[in-house]
Amino acid sequence: MRDHKSELASPDGSLEQEQITEEGFKAWCTVIGGFFAITAVFGYQNAFGVYQDVYVRSGAASAQAVSWIGSTQIALMVALGLPAGKLLDLGYFKAMTIVGSIIYVFSIFMLSIAHTDKYYQLFLSQGLAAGIGAGLVYVPVLGVQTHHWRRRSRPVALGIVITGSSVGGIIFPIMLNNLIANPNVGFAWAVRASAFVCLGLLVIANILMTTNPPPKNRKKTLTKFNVLFTDVPYILGVIGAAVSDWGLFFPYFYLQLFAIDKGANPTFSFYLLAILNGSSIPGRIIPNILSHKFGVFNTVAFCTLACSVLTFGLFGVGNSVAALVIFAILYGFFSGGFISLLAPVVASLVQDESEIGIRLGLAYCISSLGILTGNPIAGALLGTTFPWWRAILFSAVSGIIEFEIVFSEILGIR
């Protein structure tokens with residue numbers, strides 16, 4: 001195990017010595033555990049496009065109503081990062097992740113006994129309960145990685161952890177689509193099987209992950225929210241993430257339905273989400289590595305612009321198998337880069353290492369507003385006749401707004 005000492009400037013201008021263990025056994029166990037946890041929570045939610053397709057085509061609810069389930073789930077996952085991040089700073093990491101894991105797995109088992117034509121049952125189990133459980137796991141799992149890695153190494157470590165969402169996004173869509181389509185299995189047992197997989201992953205994750213909190217700044221024991229809201233680069237970055245999240249998850253929710261509605265083979269369409277999430281694996285790692293050379297702000301801004309341009313490209317995709325695959329590969333890569341770089345962006349703006357949990361939590365809480373409303377807005381624009389151009393335009397422009405206004409201001413300030 002190698003120990004490194006890094007010097008951080010404290011708010012009063014003095015230097016603060018911080019002991020951080022890097023590349024040690026516990027650090028790598030925490031990365032592996034975090035990878036499993038993110039696979040179970042974020043990776044499973046990346047498979048919501050399967051549920052979106054099943055619920056809409058079965059007539060359970062409109063596209064807008066169904067998207068509220070997935071949006072609420074993901075929004076709660078990141079919004080609860082605010083209290084969860086603070087609890088992480090206070091030393092309650094293990095308690096949070098264990099309680100969150102129990103709630104999350106229980107909610108998926110409850111979904112398996114829900115009736116697909118009873119909207120309130122789907123919303124309570126999959127939207128509300130699963131979102132709360134995931135929220136007590138997601139941000140703490142990301143935040144605890146910063147306890148073990150220095151600033152320069154964090155993007156790579158966090159990139160490995162967040163790659164779990166891509167791996168889960170490959171496994172769970174294929175698993176759910178095939179089991180639901182199998183008359184001998186059906187919806188209930190397909191969901192139960194996925195719940196058992198999540199249970200195993202989270203048990204291993206909770207065993208592997210440990211904390212290594214930095215020493216607290218003796219002159220600054222409490223982070224006040226008014227201080228965070230007056231940190232202009234930090235707040236602009238958070239607002240930018242919220243604006244971008246309006247359209248970022250549109251393909252993750254609607255690509256399978258889009259392909260089927262355009263006349264693509266349903267069997268092929270079932271694998272689009274797996275392709276989308278699979279291509280985001282290198283997207284979670286390569287941009288993080290490149291951020292060492294080009295900077296996290298420049299890299300995340302480029303990924304945002306690329307996602308917007310690709311979304312505009314859906315106008316010319318149609319039911320072409322080749323075009324759909326190319327779109328899924330490219331969008332998965334660049335959206336994966338954007339998602340994996342958000343935590344390093346926030347961490348790079350931290351002046352006091354003991355604030356990481358609360359700053360990550362506040363950032364994800366505010367950005368959750370974009371996640372919560374983005375896909376329901378897209379669903380409302382689609383209506384019952386599915387004029388796809390409306391939702392495509394809305395989703396693409398939201399990313400352009402972030403790139404042109406917010407990140408350009410941040411880069412100018414820094």
# chains A, B, ... in the order shown; residues from 1 in each chain; ligands from 1
>>> closest_atom_pairs(of="segment 118-226 of chain A", to="segment 71-78 of chain A", cutoff="12 Å", atoms="only C-alpha atoms", output="JSON lines")
{"residue": "A:Leu122", "atom": "CA", "partner": "A:Gln73", "partner_atom": "CA", "distance": 11.1}
{"residue": "A:Phe123", "atom": "CA", "partner": "A:Thr72", "partner_atom": "CA", "distance": 8.5}
{"residue": "A:Leu124", "atom": "CA", "partner": "A:Gln73", "partner_atom": "CA", "distance": 9.8}
{"residue": "A:Ser125", "atom": "CA", "partner": "A:Gln73", "partner_atom": "CA", "distance": 9.5}
{"residue": "A:Gln126", "atom": "CA", "partner": "A:Gln73", "partner_atom": "CA", "distance": 6.8}
{"residue": "A:Gly127", "atom": "CA", "partner": "A:Gln73", "partner_atom": "CA", "distance": 4.4}
{"residue": "A:Leu128", "atom": "CA", "partner": "A:Gln73", "partner_atom": "CA", "distance": 6.1}
{"residue": "A:Ala129", "atom": "CA", "partner": "A:Gln73", "partner_atom": "CA", "distance": 8.0}
{"residue": "A:Ala130", "atom": "CA", "partner": "A:Gln73", "partner_atom": "CA", "distance": 6.3}
{"residue": "A:Gly131", "atom": "CA", "partner": "A:Gln73", "partner_atom": "CA", "distance": 4.0}
{"residue": "A:Ile132", "atom": "CA", "partner": "A:Leu76", "partner_atom": "CA", "distance": 5.9}
{"residue": "A:Gly133", "atom": "CA", "partner": "A:Met77", "partner_atom": "CA", "distance": 7.5}
{"residue": "A:Ala134", "atom": "CA", "partner": "A:Met77", "partner_atom": "CA", "distance": 5.0}
{"residue": "A:Gly135", "atom": "CA", "partner": "A:Met77", "partner_atom": "CA", "distance": 3.6}
{"residue": "A:Leu136", "atom": "CA", "partner": "A:Met77", "partner_atom": "CA", "distance": 7.4}
{"residue": "A:Val137", "atom": "CA", "partner": "A:Met77", "partner_atom": "CA", "distance": 8.0}
{"residue": "A:Tyr138", "atom": "CA", "partner": "A:Met77", "partner_atom": "CA", "distance": 6.6}
{"residue": "A:Val139", "atom": "CA", "partner": "A:Val78", "partner_atom": "CA", "distance": 6.9}
{"residue": "A:Pro140", "atom": "CA", "partner": "A:Val78", "partner_atom": "CA", "distance": 10.4}
{"residue": "A:Val141", "atom": "CA", "partner": "A:Val78", "partner_atom": "CA", "distance": 11.8}
{"residue": "A:Leu142", "atom": "CA", "partner": "A:Val78", "partner_atom": "CA", "distance": 11.2}
>>> residues_around(residues="segment 166-182 of chain A", least_positions_apart="5", cutoff="7 Å", atoms="only C-alpha atoms", output="PDB file with N, CA, C and O atoms, in the first residue's frame")
ATOM      1  N   THR A  39     -23.854  -0.903 -10.793  1.00  0.00           N
ATOM      2  CA  THR A  39     -24.482  -1.838 -11.727  1.00  0.00           C
ATOM      3  C   THR A  39     -25.902  -2.154 -11.290  1.00  0.00           C
ATOM      4  O   THR A  39     -26.834  -2.195 -12.112  1.00  0.00           O
ATOM      5  N   ALA A  40     -26.088  -2.361  -9.989  1.00  0.00           N
ATOM      6  CA  ALA A  40     -27.398  -2.743  -9.470  1.00  0.00           C
ATOM      7  C   ALA A  40     -28.400  -1.597  -9.486  1.00  0.00           C
ATOM      8  O   ALA A  40     -29.592  -1.808  -9.787  1.00  0.00           O
ATOM      9  N   GLY A  43     -27.392   0.953 -13.263  1.00  0.00           N
ATOM     10  CA  GLY A  43     -27.461   0.054 -14.412  1.00  0.00           C
ATOM     11  C   GLY A  43     -28.856  -0.490 -14.633  1.00  0.00           C
ATOM     12  O   GLY A  43     -29.321  -0.597 -15.765  1.00  0.00           O
ATOM     13  N   TYR A  44     -29.526  -0.829 -13.545  1.00  0.00           N
ATOM     14  CA  TYR A  44     -30.907  -1.331 -13.662  1.00  0.00           C
ATOM     15  C   TYR A  44     -31.836  -0.245 -14.192  1.00  0.00           C
ATOM     16  O   TYR A  44     -32.729  -0.508 -14.996  1.00  0.00           O
ATOM     17  N   ASN A  46     -31.027   2.086 -16.169  1.00  0.00           N
ATOM     18  CA  ASN A  46     -30.761   2.272 -17.597  1.00  0.00           C
ATOM     19  C   ASN A  46     -31.555   1.296 -18.457  1.00  0.00           C
ATOM     20  O   ASN A  46     -31.593   1.438 -19.681  1.00  0.00           O
ATOM     21  N   ALA A  47     -32.168   0.296 -17.839  1.00  0.00           N
ATOM     22  CA  ALA A  47     -33.010  -0.658 -18.559  1.00  0.00           C
ATOM     23  C   ALA A  47     -34.471  -0.236 -18.549  1.00  0.00           C
ATOM     24  O   ALA A  47     -35.340  -1.004 -18.983  1.00  0.00           O
ATOM     25  N   VAL A  50     -37.039  -0.728 -21.419  1.00  0.00           N
ATOM     26  CA  VAL A  50     -37.793  -1.978 -21.574  1.00  0.00           C
ATOM     27  C   VAL A  50     -39.174  -1.818 -20.959  1.00  0.00           C
ATOM     28  O   VAL A  50     -40.198  -2.160 -21.563  1.00  0.00           O
ATOM     29  N   PHE A 187     -43.789 -11.515 -16.994  1.00  0.00           N
ATOM     30  CA  PHE A 187     -43.345 -10.272 -16.364  1.00  0.00           C
ATOM     31  C   PHE A 187     -42.925 -10.480 -14.913  1.00  0.00           C
ATOM     32  O   PHE A 187     -41.852 -10.033 -14.496  1.00  0.00           O
ATOM     33  N   ALA A 190     -39.693 -12.492 -14.426  1.00  0.00           N
ATOM     34  CA  ALA A 190     -38.586 -11.759 -15.039  1.00  0.00           C
ATOM     35  C   ALA A 190     -38.082 -10.681 -14.085  1.00  0.00           C
ATOM     36  O   ALA A 190     -36.864 -10.506 -13.892  1.00  0.00           O
ATOM     37  N   PHE A 270     -35.065  -4.835 -29.387  1.00  0.00           N
ATOM     38  CA  PHE A 270     -34.852  -5.219 -27.998  1.00  0.00           C
ATOM     39  C   PHE A 270     -33.386  -5.067 -27.588  1.00  0.00           C
ATOM     40  O   PHE A 270     -33.081  -4.893 -26.404  1.00  0.00           O
ATOM     41  N   TYR A 271     -32.473  -5.136 -28.539  1.00  0.00           N
ATOM     42  CA  TYR A 271     -31.048  -5.096 -28.230  1.00  0.00           C
ATOM     43  C   TYR A 271     -30.454  -3.696 -28.351  1.00  0.00           C
ATOM     44  O   TYR A 271     -29.270  -3.511 -28.072  1.00  0.00           O
ATOM     45  N   LEU A 273     -31.007  -1.002 -26.520  1.00  0.00           N
ATOM     46  CA  LEU A 273     -30.589  -0.475 -25.225  1.00  0.00           C
ATOM     47  C   LEU A 273     -29.288  -1.115 -24.760  1.00  0.00           C
ATOM     48  O   LEU A 273     -28.442  -0.462 -24.152  1.00  0.00           O
ATOM     49  N   ALA A 274     -29.133  -2.413 -25.059  1.00  0.00           N
ATOM     50  CA  ALA A 274     -27.886  -3.092 -24.693  1.00  0.00           C
ATOM     51  C   ALA A 274     -26.712  -2.511 -25.474  1.00  0.00           C
ATOM     52  O   ALA A 274     -25.611  -2.321 -24.927  1.00  0.00           O
ATOM     53  N   ASN A 277     -25.966   1.030 -24.027  1.00  0.00           N
ATOM     54  CA  ASN A 277     -25.257   0.973 -22.752  1.00  0.00           C
ATOM     55  C   ASN A 277     -23.874   0.336 -22.896  1.00  0.00           C
ATOM     56  O   ASN A 277     -22.931   0.719 -22.199  1.00  0.00           O
ATOM     57  N   GLY A 278     -23.751  -0.655 -23.798  1.00  0.00           N
ATOM     58  CA  GLY A 278     -22.458  -1.292 -24.004  1.00  0.00           C
ATOM     59  C   GLY A 278     -21.420  -0.324 -24.538  1.00  0.00           C
ATOM     60  O   GLY A 278     -20.264  -0.328 -24.104  1.00  0.00           O
ATOM     61  N   SER A 280     -21.340   2.732 -23.996  1.00  0.00           N
ATOM     62  CA  SER A 280     -21.006   3.754 -23.001  1.00  0.00           C
ATOM     63  C   SER A 280     -19.920   3.286 -22.043  1.00  0.00           C
ATOM     64  O   SER A 280     -19.402   4.090 -21.266  1.00  0.00           O
ATOM     65  N   ILE A 281     -19.562   1.987 -22.096  1.00  0.00           N
ATOM     66  CA  ILE A 281     -18.469   1.505 -21.235  1.00  0.00           C
ATOM     67  C   ILE A 281     -17.161   2.215 -21.565  1.00  0.00           C
ATOM     68  O   ILE A 281     -16.533   2.810 -20.672  1.00  0.00           O
TER      69      ILE A 281
END
>>> closest_residue(among="A:Ala188, A:Ala242, A:Val203, A:Leu208", to="Val99 of chain A", atoms="only C-alpha atoms")
A:Val203
>>> atom_distance(atom1="atom CA of Leu330 of chain A", atom2="atom CA of Gly70 of chain A")
23.1 Å
>>> residues_around(residues="Ala157 of chain A", least_positions_apart="6", cutoff="10 Å", atoms="only C-alpha atoms", output="PyMOL selection string")
chain A and resi 23+27-28+30-32+34-35+142+145-146+148-150+285+288+344
>>> atom_distance(atom1="atom CA of Leu88 of chain A", atom2="atom CA of Ser244 of chain A")
26.6 Å
>>> closest_residue(among="A:Leu276, A:Gly337, A:Val321, A:Leu349", to="Leu236 of chain A", atoms="only C-alpha atoms")
A:Leu349
>>> select_by_dssp(residues="segment 174-311 of chain A", states="alpha helix (DSSP H)", output="PDB file with C-alpha atoms, in the first residue's frame")
ATOM      1  CA  ILE A 174     -31.411  -8.370 -22.546  1.00  0.00           C
ATOM      2  CA  MET A 175     -32.433 -10.325 -19.464  1.00  0.00           C
ATOM      3  CA  LEU A 176     -35.784  -8.579 -19.032  1.00  0.00           C
ATOM      4  CA  ASN A 177     -36.733  -8.549 -22.732  1.00  0.00           C
ATOM      5  CA  ASN A 178     -36.045 -12.253 -23.165  1.00  0.00           C
ATOM      6  CA  LEU A 179     -37.672 -13.372 -19.924  1.00  0.00           C
ATOM      7  CA  ILE A 180     -40.769 -11.190 -20.363  1.00  0.00           C
ATOM      8  CA  ALA A 181     -41.213 -12.500 -23.932  1.00  0.00           C
ATOM      9  CA  GLY A 186     -43.548 -13.707 -17.976  1.00  0.00           C
ATOM     10  CA  PHE A 187     -43.345 -10.272 -16.364  1.00  0.00           C
ATOM     11  CA  ALA A 188     -43.499 -11.252 -12.679  1.00  0.00           C
ATOM     12  CA  TRP A 189     -40.713 -13.830 -12.665  1.00  0.00           C
ATOM     13  CA  ALA A 190     -38.586 -11.759 -15.039  1.00  0.00           C
ATOM     14  CA  VAL A 191     -38.641  -8.923 -12.519  1.00  0.00           C
ATOM     15  CA  ARG A 192     -37.990 -11.298  -9.612  1.00  0.00           C
ATOM     16  CA  ALA A 193     -34.987 -12.785 -11.377  1.00  0.00           C
ATOM     17  CA  SER A 194     -33.546  -9.296 -11.890  1.00  0.00           C
ATOM     18  CA  ALA A 195     -34.195  -8.527  -8.214  1.00  0.00           C
ATOM     19  CA  PHE A 196     -32.135 -11.535  -7.151  1.00  0.00           C
ATOM     20  CA  VAL A 197     -29.258 -10.332  -9.363  1.00  0.00           C
ATOM     21  CA  CYS A 198     -29.422  -6.869  -7.741  1.00  0.00           C
ATOM     22  CA  LEU A 199     -29.504  -8.479  -4.293  1.00  0.00           C
ATOM     23  CA  GLY A 200     -26.311 -10.435  -4.953  1.00  0.00           C
ATOM     24  CA  LEU A 201     -24.497  -7.419  -6.385  1.00  0.00           C
ATOM     25  CA  LEU A 202     -25.410  -5.172  -3.465  1.00  0.00           C
ATOM     26  CA  VAL A 203     -24.425  -7.748  -0.840  1.00  0.00           C
ATOM     27  CA  ILE A 204     -20.957  -8.018  -2.391  1.00  0.00           C
ATOM     28  CA  ALA A 205     -20.714  -4.232  -2.741  1.00  0.00           C
ATOM     29  CA  ASN A 206     -21.509  -3.572   0.912  1.00  0.00           C
ATOM     30  CA  ILE A 207     -18.887  -6.079   1.992  1.00  0.00           C
ATOM     31  CA  LEU A 208     -16.133  -4.599  -0.186  1.00  0.00           C
ATOM     32  CA  PHE A 225     -25.554  26.532   1.913  1.00  0.00           C
ATOM     33  CA  ASN A 226     -25.252  30.261   1.251  1.00  0.00           C
ATOM     34  CA  VAL A 227     -21.508  29.711   0.711  1.00  0.00           C
ATOM     35  CA  LEU A 228     -22.226  27.028  -1.885  1.00  0.00           C
ATOM     36  CA  PHE A 229     -24.768  29.160  -3.712  1.00  0.00           C
ATOM     37  CA  VAL A 232     -20.386  30.946  -9.167  1.00  0.00           C
ATOM     38  CA  PRO A 233     -18.436  28.278 -11.126  1.00  0.00           C
ATOM     39  CA  TYR A 234     -19.969  25.548  -8.957  1.00  0.00           C
ATOM     40  CA  ILE A 235     -23.559  26.804  -9.329  1.00  0.00           C
ATOM     41  CA  LEU A 236     -23.200  27.348 -13.081  1.00  0.00           C
ATOM     42  CA  GLY A 237     -21.933  23.797 -13.449  1.00  0.00           C
ATOM     43  CA  VAL A 238     -24.910  22.465 -11.491  1.00  0.00           C
ATOM     44  CA  ILE A 239     -27.393  24.484 -13.547  1.00  0.00           C
ATOM     45  CA  GLY A 240     -25.706  23.286 -16.712  1.00  0.00           C
ATOM     46  CA  ALA A 241     -26.103  19.670 -15.649  1.00  0.00           C
ATOM     47  CA  ALA A 242     -29.803  20.228 -14.919  1.00  0.00           C
ATOM     48  CA  VAL A 243     -30.409  21.801 -18.339  1.00  0.00           C
ATOM     49  CA  SER A 244     -28.540  19.042 -20.124  1.00  0.00           C
ATOM     50  CA  ASP A 245     -30.418  16.350 -18.194  1.00  0.00           C
ATOM     51  CA  TRP A 246     -33.633  17.543 -19.820  1.00  0.00           C
ATOM     52  CA  GLY A 247     -32.601  15.730 -22.964  1.00  0.00           C
ATOM     53  CA  LEU A 248     -29.734  13.448 -21.978  1.00  0.00           C
ATOM     54  CA  PHE A 250     -34.294  10.686 -23.959  1.00  0.00           C
ATOM     55  CA  PRO A 251     -32.674   7.835 -25.983  1.00  0.00           C
ATOM     56  CA  TYR A 252     -32.379   5.670 -22.860  1.00  0.00           C
ATOM     57  CA  PHE A 253     -36.149   5.922 -22.363  1.00  0.00           C
ATOM     58  CA  TYR A 254     -37.445   6.055 -25.918  1.00  0.00           C
ATOM     59  CA  LEU A 255     -34.959   4.506 -28.368  1.00  0.00           C
ATOM     60  CA  GLN A 256     -36.528   1.028 -28.259  1.00  0.00           C
ATOM     61  CA  LEU A 257     -40.033   2.471 -28.683  1.00  0.00           C
ATOM     62  CA  PHE A 258     -38.775   4.850 -31.398  1.00  0.00           C
ATOM     63  CA  ALA A 259     -37.291   1.981 -33.427  1.00  0.00           C
ATOM     64  CA  ILE A 260     -40.413  -0.188 -33.164  1.00  0.00           C
ATOM     65  CA  ASP A 261     -42.707   2.727 -34.008  1.00  0.00           C
ATOM     66  CA  PRO A 266     -38.946  -5.759 -32.664  1.00  0.00           C
ATOM     67  CA  THR A 267     -36.414  -8.518 -31.940  1.00  0.00           C
ATOM     68  CA  PHE A 268     -33.595  -6.266 -33.148  1.00  0.00           C
ATOM     69  CA  SER A 269     -35.036  -3.276 -31.269  1.00  0.00           C
ATOM     70  CA  LEU A 272     -30.719  -1.365 -28.916  1.00  0.00           C
ATOM     71  CA  LEU A 273     -30.589  -0.475 -25.225  1.00  0.00           C
ATOM     72  CA  ALA A 274     -27.886  -3.092 -24.693  1.00  0.00           C
ATOM     73  CA  ILE A 275     -25.871  -1.616 -27.583  1.00  0.00           C
ATOM     74  CA  LEU A 276     -26.425   1.897 -26.239  1.00  0.00           C
ATOM     75  CA  ASN A 277     -25.257   0.973 -22.752  1.00  0.00           C
ATOM     76  CA  GLY A 278     -22.458  -1.292 -24.004  1.00  0.00           C
ATOM     77  CA  SER A 279     -20.873   1.484 -26.033  1.00  0.00           C
ATOM     78  CA  SER A 280     -21.006   3.754 -23.001  1.00  0.00           C
ATOM     79  CA  ILE A 281     -18.469   1.505 -21.235  1.00  0.00           C
ATOM     80  CA  PRO A 282     -15.485   2.982 -23.122  1.00  0.00           C
ATOM     81  CA  GLY A 283     -17.330   6.304 -22.864  1.00  0.00           C
ATOM     82  CA  ARG A 284     -17.124   6.121 -19.081  1.00  0.00           C
ATOM     83  CA  ILE A 285     -13.378   5.493 -19.136  1.00  0.00           C
ATOM     84  CA  ILE A 286     -11.718   7.056 -22.202  1.00  0.00           C
ATOM     85  CA  PRO A 287     -13.013  10.645 -21.683  1.00  0.00           C
ATOM     86  CA  ASN A 288     -11.966  10.424 -18.029  1.00  0.00           C
ATOM     87  CA  ILE A 289      -8.436   9.517 -19.120  1.00  0.00           C
ATOM     88  CA  LEU A 290      -8.425  12.274 -21.750  1.00  0.00           C
ATOM     89  CA  SER A 291      -9.541  14.776 -19.117  1.00  0.00           C
ATOM     90  CA  HIS A 292      -6.016  14.589 -17.659  1.00  0.00           C
ATOM     91  CA  LYS A 293      -4.723  16.228 -20.845  1.00  0.00           C
ATOM     92  CA  PHE A 294      -7.632  18.428 -21.945  1.00  0.00           C
ATOM     93  CA  VAL A 296     -12.536  17.947 -17.171  1.00  0.00           C
ATOM     94  CA  PHE A 297     -14.481  21.057 -18.235  1.00  0.00           C
ATOM     95  CA  ASN A 298     -13.334  20.935 -21.855  1.00  0.00           C
ATOM     96  CA  THR A 299     -13.972  17.193 -22.071  1.00  0.00           C
ATOM     97  CA  VAL A 300     -17.473  17.273 -20.579  1.00  0.00           C
ATOM     98  CA  ALA A 301     -18.414  20.254 -22.774  1.00  0.00           C
ATOM     99  CA  PHE A 302     -17.377  18.339 -25.893  1.00  0.00           C
ATOM    100  CA  CYS A 303     -19.366  15.267 -24.804  1.00  0.00           C
ATOM    101  CA  THR A 304     -22.426  17.458 -24.259  1.00  0.00           C
ATOM    102  CA  LEU A 305     -22.161  19.001 -27.724  1.00  0.00           C
ATOM    103  CA  ALA A 306     -21.688  15.573 -29.311  1.00  0.00           C
ATOM    104  CA  CYS A 307     -24.845  14.235 -27.627  1.00  0.00           C
ATOM    105  CA  SER A 308     -26.887  17.155 -28.961  1.00  0.00           C
ATOM    106  CA  VAL A 309     -25.580  16.733 -32.512  1.00  0.00           C
ATOM    107  CA  LEU A 310     -26.319  12.996 -32.408  1.00  0.00           C
ATOM    108  CA  THR A 311     -29.853  13.612 -31.138  1.00  0.00           C
TER     109      THR A 311
END
>>> closest_residue(among="A:Gly295, A:Gly100, A:Gly263, A:Gly143", to="Val345 of chain A", atoms="only C-alpha atoms")
A:Gly295
>>> closest_atom_pairs(of="segment 40-109 of chain A", to="segment 379-389 of chain A", cutoff="12 Å", atoms="only C-alpha atoms", output="JSON lines")
{"residue": "A:Gln52", "atom": "CA", "partner": "A:Gly379", "partner_atom": "CA", "distance": 10.7}
{"residue": "A:Val56", "atom": "CA", "partner": "A:Thr384", "partner_atom": "CA", "distance": 10.2}
{"residue": "A:Arg57", "atom": "CA", "partner": "A:Thr384", "partner_atom": "CA", "distance": 11.4}
{"residue": "A:Gly59", "atom": "CA", "partner": "A:Thr384", "partner_atom": "CA", "distance": 11.2}
{"residue": "A:Ala61", "atom": "CA", "partner": "A:Thr384", "partner_atom": "CA", "distance": 10.6}
{"residue": "A:Ser62", "atom": "CA", "partner": "A:Thr384", "partner_atom": "CA", "distance": 7.3}
{"residue": "A:Ala63", "atom": "CA", "partner": "A:Gly379", "partner_atom": "CA", "distance": 5.2}
{"residue": "A:Gln64", "atom": "CA", "partner": "A:Gly379", "partner_atom": "CA", "distance": 3.9}
{"residue": "A:Ala65", "atom": "CA", "partner": "A:Gly379", "partner_atom": "CA", "distance": 7.7}
{"residue": "A:Val66", "atom": "CA", "partner": "A:Gly379", "partner_atom": "CA", "distance": 8.5}
{"residue": "A:Ser67", "atom": "CA", "partner": "A:Gly379", "partner_atom": "CA", "distance": 6.8}
{"residue": "A:Trp68", "atom": "CA", "partner": "A:Gly379", "partner_atom": "CA", "distance": 9.0}
{"residue": "A:Ile69", "atom": "CA", "partner": "A:Gly379", "partner_atom": "CA", "distance": 11.9}
{"residue": "A:Gly70", "atom": "CA", "partner": "A:Gly379", "partner_atom": "CA", "distance": 11.8}
{"residue": "A:Ser71", "atom": "CA", "partner": "A:Gly379", "partner_atom": "CA", "distance": 11.1}
>>> write_last_selection(atoms="N, CA and C atoms", output="PDB file, in the first residue's frame")
ATOM      1  N   GLN A  52     -40.679   1.017 -20.296  1.00  0.00           N
ATOM      2  CA  GLN A  52     -41.391   2.048 -21.056  1.00  0.00           C
ATOM      3  C   GLN A  52     -42.111   1.421 -22.241  1.00  0.00           C
ATOM      4  N   VAL A  56     -46.264   1.036 -22.303  1.00  0.00           N
ATOM      5  CA  VAL A  56     -46.962   1.832 -23.318  1.00  0.00           C
ATOM      6  C   VAL A  56     -47.676   0.931 -24.316  1.00  0.00           C
ATOM      7  N   ARG A  57     -46.978  -0.085 -24.807  1.00  0.00           N
ATOM      8  CA  ARG A  57     -47.594  -0.948 -25.824  1.00  0.00           C
ATOM      9  C   ARG A  57     -48.686  -1.849 -25.245  1.00  0.00           C
ATOM     10  N   GLY A  59     -50.805  -0.685 -23.137  1.00  0.00           N
ATOM     11  CA  GLY A  59     -51.913   0.219 -22.870  1.00  0.00           C
ATOM     12  C   GLY A  59     -52.071   0.566 -21.403  1.00  0.00           C
ATOM     13  N   ALA A  61     -50.612   2.915 -19.712  1.00  0.00           N
ATOM     14  CA  ALA A  61     -50.671   4.371 -19.569  1.00  0.00           C
ATOM     15  C   ALA A  61     -50.049   5.001 -20.807  1.00  0.00           C
ATOM     16  N   SER A  62     -50.177   6.320 -20.890  1.00  0.00           N
ATOM     17  CA  SER A  62     -49.586   7.045 -22.006  1.00  0.00           C
ATOM     18  C   SER A  62     -48.077   7.100 -21.846  1.00  0.00           C
ATOM     19  N   ALA A  63     -47.385   7.469 -22.920  1.00  0.00           N
ATOM     20  CA  ALA A  63     -45.930   7.580 -22.866  1.00  0.00           C
ATOM     21  C   ALA A  63     -45.498   8.592 -21.818  1.00  0.00           C
ATOM     22  N   GLN A  64     -46.255   9.692 -21.700  1.00  0.00           N
ATOM     23  CA  GLN A  64     -45.918  10.710 -20.707  1.00  0.00           C
ATOM     24  C   GLN A  64     -46.076  10.169 -19.291  1.00  0.00           C
ATOM     25  N   ALA A  65     -47.190   9.483 -19.019  1.00  0.00           N
ATOM     26  CA  ALA A  65     -47.440   8.961 -17.675  1.00  0.00           C
ATOM     27  C   ALA A  65     -46.401   7.919 -17.291  1.00  0.00           C
ATOM     28  N   VAL A  66     -46.067   7.035 -18.220  1.00  0.00           N
ATOM     29  CA  VAL A  66     -45.084   5.997 -17.932  1.00  0.00           C
ATOM     30  C   VAL A  66     -43.711   6.607 -17.676  1.00  0.00           C
ATOM     31  N   SER A  67     -43.365   7.628 -18.436  1.00  0.00           N
ATOM     32  CA  SER A  67     -42.039   8.238 -18.264  1.00  0.00           C
ATOM     33  C   SER A  67     -41.892   8.893 -16.897  1.00  0.00           C
ATOM     34  N   TRP A  68     -43.014   9.269 -16.264  1.00  0.00           N
ATOM     35  CA  TRP A  68     -42.933   9.815 -14.915  1.00  0.00           C
ATOM     36  C   TRP A  68     -42.397   8.775 -13.930  1.00  0.00           C
ATOM     37  N   ILE A  69     -42.671   7.500 -14.179  1.00  0.00           N
ATOM     38  CA  ILE A  69     -42.167   6.444 -13.295  1.00  0.00           C
ATOM     39  C   ILE A  69     -40.641   6.423 -13.341  1.00  0.00           C
ATOM     40  N   GLY A  70     -40.093   6.315 -14.549  1.00  0.00           N
ATOM     41  CA  GLY A  70     -38.644   6.264 -14.692  1.00  0.00           C
ATOM     42  C   GLY A  70     -37.966   7.552 -14.281  1.00  0.00           C
ATOM     43  N   SER A  71     -38.578   8.689 -14.628  1.00  0.00           N
ATOM     44  CA  SER A  71     -37.977   9.978 -14.268  1.00  0.00           C
ATOM     45  C   SER A  71     -37.963  10.185 -12.765  1.00  0.00           C
TER      46      SER A  71
END
>>> residues_around(residues="Ile38 of chain A", least_positions_apart="4", cutoff="6 Å", atoms="only C-alpha atoms", output="PyMOL selection string")
chain A and resi 42+164-165
